[in-house]
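Participant: Sharing a structure here in structure tokens format.
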Amino acid sequence: MNHSPADRPADQPAACPAGAPELFTWEFATDPYPAYAWLREHSPVHRTALPSGVEAWLVTRYADARQALADSRLSKNPAHHAEPAHAKGKTGIPGERKAELMTHLLNIDPPDHTRLRRLVSKAFTPRRVAEFAPRVQELTDRLIDRFVAEGKADLIHDFAFPLPIYAICDLLGVPREDQDDFRDWAGMMIRHGGGPRGGVARSVKKMRGYLAELIHRKRENPGDDLISGLIRASDHGEHLTENEAAAMAFILLFAGFETTVNLIGNGVYALLRNPGQRERLQLSLDSGESGLLETGIEELLRYDGPVELATWRFATEPLTLGGEDIAAGDPVLVVLAAADRDPERFEDPDTLDLARRDNQHLGYGHGIHYCLGAPLARLEGQTALATLLTRLPDLRLAVEPTDLRWRGGLIMRGLRTLPVEFTPGLTRAEYDAPSIL
């Protein structure tokens, strides 16, 4: 029997099926995959109350997820949310509404989405990403140089977090002397992703003020960077407003850094927990091959990816998904982490196999909202893992896995810290120094 929310009073919470697991606890955050397996089998399109109090549908099977991600009846525009008073402003990124940063790719539909995506996609062509590869390698080595002699590090704080921040700042055209400010603001977003919203909103407001100033400076003195490119497009008739330019820069930073932080952190952790696969990758790298690294990044995205739930969608009309009737205005959240472990789509889905070939995972989405920055994230992930395993070959966890804590946010999945140990080594300058013998 289909369950229609129209038949239920607005203030009556959704009924949970008998035996349903408890969601969004700290235990769930540590390992959500058993709960997702239950939902796939018993309640694949599942209405639940989120920690914020907003009710939404969770889509957990691969086929349903892929359909939902490409369904034009599921809008990205929050204006379509039939939100009750208690839910107002509790979807999306905290503070973006007040900071006038709503007009970005995660919140709009065609034709505006088509226009804005076309403008910014020029920064992520294969050629542009390939040109950026030396800078990513330079940043990777520089960060490892800071802790390589210590024999220990927190790979989240010391490595996975700063690498994509500095990379995306370079791409946007943020001057080097201002990049540490961006690192501080981004750090606030990560630290409070599952907690008080005030800190995130304040950081968003500061970032918005800075971006407005930077756009003004770039208009006076443009460079070969993404913000300058957006301004040039606006000045040549593409009708990009200053708010749109600021919102685009903001979402590229916000969406572009935390996904890569989690890709690196979750990926390294998965390799440390699967020593056979880690050894296989190291042997491949030592022999100068790149094939296993390329398929390995895709498998790490599938196995324990950086984005647990795709960002918000809202039904623009009544529709049926996975046998459930969804009312117009209802929020729908596609659970990428559940879909990517669906045994109906992936053989042995709970097994990490770096050589997996048939791997059409949904880690970067599907359809017109497929992640624009995926090529850059893949480059950063491959460079980070290859360099870590090459320069720190005996990398190992410094704590028990049970001591690690996962951030409790709704959309992203990532570790708070990742303490590791290794044999102290040399910086690149020392390593590459000519022999005096």
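Labels used: A, B, ... for chains in the order of the structure tokens, numbers from 1 for residues in each chain, and numbers from 1 for ligands as shown.
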Can you pull out every residue within 6 Å of range 257-260 of chain A, counting only C-alpha atoms, but drop anything in the same chain fewer than 2 positions away, and send it as an MDAnalysis selection string?
Facilitator: chainID A and resid 164:165 253:255 262:263 306 377
Participant: With the cut-off set at 10 Å and counting only C-alpha atoms, tabulate each residue of range 223-308 of chain A with an atom at most that distance from an atom of range 389-408 of chain A, showing the nearest atom pair and its distance in Å to one decimal, ordered by chain and increasing number, as a tab-separated table.
Facilitator:
residue	atom	partner	partner_atom	distance
A:Val268	CA	A:Leu389	CA	9.3
A:Tyr269	CA	A:Leu397	CA	8.2
A:Leu271	CA	A:Arg396	CA	9.8
A:Leu272	CA	A:Arg396	CA	6.5
A:Arg273	CA	A:Pro401	CA	8.7
A:Pro275	CA	A:Arg396	CA	9.9
A:Arg278	CA	A:Leu389	CA	8.7
A:Glu279	CA	A:Pro393	CA	9.5
A:Leu281	CA	A:Leu389	CA	8.6
A:Gln282	CA	A:Leu389	CA	6.4
A:Leu283	CA	A:Thr390	CA	9.9
A:Leu285	CA	A:Thr390	CA	7.5
A:Asp286	CA	A:Thr390	CA	7.6
Participant: Once DSSP has gone over the backbone, tell me which residues of range 310-371 of chain A are in helix (DSSP H, G or I), as a PDB file with all heavy atoms, in the first residue's frame.
Facilitator:
ATOM      1  N   LEU A 336      23.180   8.599  -1.277  1.00  0.00           N
ATOM      2  CA  LEU A 336      24.202   8.064  -2.168  1.00  0.00           C
ATOM      3  C   LEU A 336      24.943   6.896  -1.525  1.00  0.00           C
ATOM      4  O   LEU A 336      25.284   5.922  -2.194  1.00  0.00           O
ATOM      5  CB  LEU A 336      25.195   9.174  -2.540  1.00  0.00           C
ATOM      6  CG  LEU A 336      24.588  10.447  -3.153  1.00  0.00           C
ATOM      7  CD1 LEU A 336      25.684  11.461  -3.432  1.00  0.00           C
ATOM      8  CD2 LEU A 336      23.820  10.126  -4.428  1.00  0.00           C
ATOM      9  N   ALA A 337      25.205   7.014  -0.223  1.00  0.00           N
ATOM     10  CA  ALA A 337      25.947   5.962   0.483  1.00  0.00           C
ATOM     11  C   ALA A 337      25.186   4.647   0.466  1.00  0.00           C
ATOM     12  O   ALA A 337      25.801   3.572   0.410  1.00  0.00           O
ATOM     13  CB  ALA A 337      26.219   6.398   1.923  1.00  0.00           C
ATOM     14  N   ALA A 338      23.876   4.704   0.532  1.00  0.00           N
ATOM     15  CA  ALA A 338      23.060   3.483   0.481  1.00  0.00           C
ATOM     16  C   ALA A 338      22.985   2.936  -0.933  1.00  0.00           C
ATOM     17  O   ALA A 338      23.127   1.731  -1.162  1.00  0.00           O
ATOM     18  CB  ALA A 338      21.664   3.768   1.025  1.00  0.00           C
ATOM     19  N   ALA A 339      22.755   3.810  -1.899  1.00  0.00           N
ATOM     20  CA  ALA A 339      22.639   3.373  -3.292  1.00  0.00           C
ATOM     21  C   ALA A 339      23.923   2.723  -3.782  1.00  0.00           C
ATOM     22  O   ALA A 339      23.890   1.738  -4.534  1.00  0.00           O
ATOM     23  CB  ALA A 339      22.283   4.571  -4.172  1.00  0.00           C
ATOM     24  N   GLY A 367      22.944  13.042 -13.735  1.00  0.00           N
ATOM     25  CA  GLY A 367      22.054  13.997 -14.380  1.00  0.00           C
ATOM     26  C   GLY A 367      22.667  15.378 -14.490  1.00  0.00           C
ATOM     27  O   GLY A 367      23.890  15.545 -14.416  1.00  0.00           O
ATOM     28  N   ILE A 368      21.818  16.395 -14.636  1.00  0.00           N
ATOM     29  CA  ILE A 368      22.327  17.745 -14.905  1.00  0.00           C
ATOM     30  C   ILE A 368      23.063  18.342 -13.708  1.00  0.00           C
ATOM     31  O   ILE A 368      23.813  19.309 -13.867  1.00  0.00           O
ATOM     32  CB  ILE A 368      21.197  18.698 -15.348  1.00  0.00           C
ATOM     33  CG1 ILE A 368      20.177  18.903 -14.221  1.00  0.00           C
ATOM     34  CG2 ILE A 368      20.524  18.197 -16.604  1.00  0.00           C
ATOM     35  CD1 ILE A 368      19.182  20.024 -14.511  1.00  0.00           C
ATOM     36  N   HIS A 369      22.866  17.765 -12.520  1.00  0.00           N
ATOM     37  CA  HIS A 369      23.552  18.277 -11.332  1.00  0.00           C
ATOM     38  C   HIS A 369      24.780  17.452 -10.977  1.00  0.00           C
ATOM     39  O   HIS A 369      25.297  17.568  -9.860  1.00  0.00           O
ATOM     40  CB  HIS A 369      22.589  18.346 -10.145  1.00  0.00           C
ATOM     41  CG  HIS A 369      21.529  19.398 -10.289  1.00  0.00           C
ATOM     42  ND1 HIS A 369      21.779  20.735 -10.090  1.00  0.00           N
ATOM     43  CD2 HIS A 369      20.234  19.305 -10.651  1.00  0.00           C
ATOM     44  CE1 HIS A 369      20.673  21.424 -10.298  1.00  0.00           C
ATOM     45  NE2 HIS A 369      19.718  20.585 -10.638  1.00  0.00           N
TER      46      HIS A 369
END
Participant: If you run DSSP over the backbone, which residues in range 249-408 of chain A end up strand (DSSP E)? Put them as a PyMOL selection string.
Facilitator: chain A and resi 313-315+319-321+324-326+331-334+396-397
Participant: Could you turn the residues from that selection into a file that holds N, CA, C and O atoms, as a compact mmCIF listing (two decimals), in the first residue's frame?
Facilitator:
# COMPACT_ATOMS: atom_id res chain seq x y z
N ARG A 313 16.31 18.12 -2.63
CA ARG A 313 15.40 18.23 -3.76
C ARG A 313 13.98 18.35 -3.23
O ARG A 313 13.68 17.85 -2.15
N PHE A 314 13.09 19.01 -4.03
CA PHE A 314 11.72 19.25 -3.59
C PHE A 314 10.77 18.92 -4.74
O PHE A 314 10.97 19.36 -5.88
N ALA A 315 9.75 18.11 -4.44
CA ALA A 315 8.80 17.71 -5.47
C ALA A 315 7.98 18.91 -5.92
O ALA A 315 7.40 19.62 -5.10
N LEU A 319 4.21 12.76 -7.22
CA LEU A 319 4.88 11.73 -8.01
C LEU A 319 5.02 10.46 -7.19
O LEU A 319 4.90 10.49 -5.96
N THR A 320 5.30 9.36 -7.86
CA THR A 320 5.51 8.08 -7.20
C THR A 320 6.95 7.67 -7.42
O THR A 320 7.47 7.68 -8.54
N LEU A 321 7.61 7.29 -6.33
CA LEU A 321 9.01 6.88 -6.39
C LEU A 321 9.18 5.67 -5.49
O LEU A 321 8.84 5.72 -4.30
N GLU A 324 6.18 4.69 -3.38
CA GLU A 324 5.63 5.64 -2.41
C GLU A 324 5.13 6.88 -3.13
O GLU A 324 5.74 7.37 -4.08
N ASP A 325 4.00 7.39 -2.66
CA ASP A 325 3.42 8.61 -3.21
C ASP A 325 4.02 9.81 -2.49
O ASP A 325 3.88 9.96 -1.27
N ILE A 326 4.66 10.67 -3.24
CA ILE A 326 5.32 11.85 -2.70
C ILE A 326 4.51 13.08 -3.10
O ILE A 326 4.18 13.26 -4.28
N PRO A 331 10.31 17.39 0.66
CA PRO A 331 11.74 17.24 0.43
C PRO A 331 12.10 15.79 0.16
O PRO A 331 11.54 14.87 0.77
N VAL A 332 13.05 15.59 -0.75
CA VAL A 332 13.56 14.26 -1.09
C VAL A 332 15.08 14.29 -1.00
O VAL A 332 15.72 15.15 -1.60
N LEU A 333 15.64 13.35 -0.24
CA LEU A 333 17.08 13.24 -0.09
C LEU A 333 17.53 11.88 -0.61
O LEU A 333 17.12 10.84 -0.08
N VAL A 334 18.36 11.89 -1.63
CA VAL A 334 18.89 10.65 -2.20
C VAL A 334 20.11 10.23 -1.39
O VAL A 334 21.08 10.99 -1.26
N ARG A 396 50.38 4.24 9.26
CA ARG A 396 49.51 3.37 10.06
C ARG A 396 48.70 4.22 11.02
O ARG A 396 49.09 5.34 11.37
N LEU A 397 47.55 3.68 11.45
CA LEU A 397 46.72 4.38 12.43
C LEU A 397 47.45 4.50 13.75
O LEU A 397 48.12 3.56 14.19
Participant: Just how far from CA of Ala384 in chain A is CA of Gly414 in chain A, in Å to one decimal?
Facilitator: 16.2 Å
Participant: Between A:Phe132, A:Tyr36, A:Phe28, A:Phe250, which one has atoms that come closest to Trp185 in chain A, using only C-alpha atoms?
Facilitator: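 For Trp185 in chain A, the nearest of the given residues is A:Phe250.
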Participant: Suppose you want the space between CA of Thr125 in chain A and CA of Asp109 in chain A; what is it in Å?
Facilitator: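 Interatomic distance, CA of Thr125 in chain A to CA of Asp109 in chain A: 22.0 Å.
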Participant: I want to know what sits within 8 Å of Thr383 in chain A, based on only C-alpha atoms, with residues of the same chain fewer than 4 positions away left out; could you give that as a VMD selection string?
Facilitator: chain A and resid 136 to 137 140 379 387
Participant: Can you write out the residues you just picked, keeping N, CA, C and O atoms, as a tab-separated table (two decimals), in the first residue's frame?
Facilitator:
chain	number	residue	atom	x	y	z
A	136	VAL	N	48.74	21.15	-7.79
A	136	VAL	CA	48.21	20.22	-6.79
A	136	VAL	C	49.34	19.38	-6.21
A	136	VAL	O	49.40	19.15	-5.00
A	137	GLN	N	50.25	18.92	-7.06
A	137	GLN	CA	51.39	18.14	-6.56
A	137	GLN	C	52.28	18.98	-5.66
A	137	GLN	O	52.76	18.50	-4.61
A	140	THR	N	50.56	19.33	-2.32
A	140	THR	CA	50.59	18.05	-1.62
A	140	THR	C	51.94	17.82	-0.96
A	140	THR	O	52.03	17.48	0.23
A	379	LEU	N	41.61	14.45	-9.35
A	379	LEU	CA	43.04	14.79	-9.43
A	379	LEU	C	43.62	14.95	-8.03
A	379	LEU	O	44.70	14.40	-7.72
A	387	THR	N	50.92	10.19	-3.32
A	387	THR	CA	52.07	10.82	-2.66
A	387	THR	C	52.22	10.34	-1.22
A	387	THR	O	53.34	10.07	-0.76
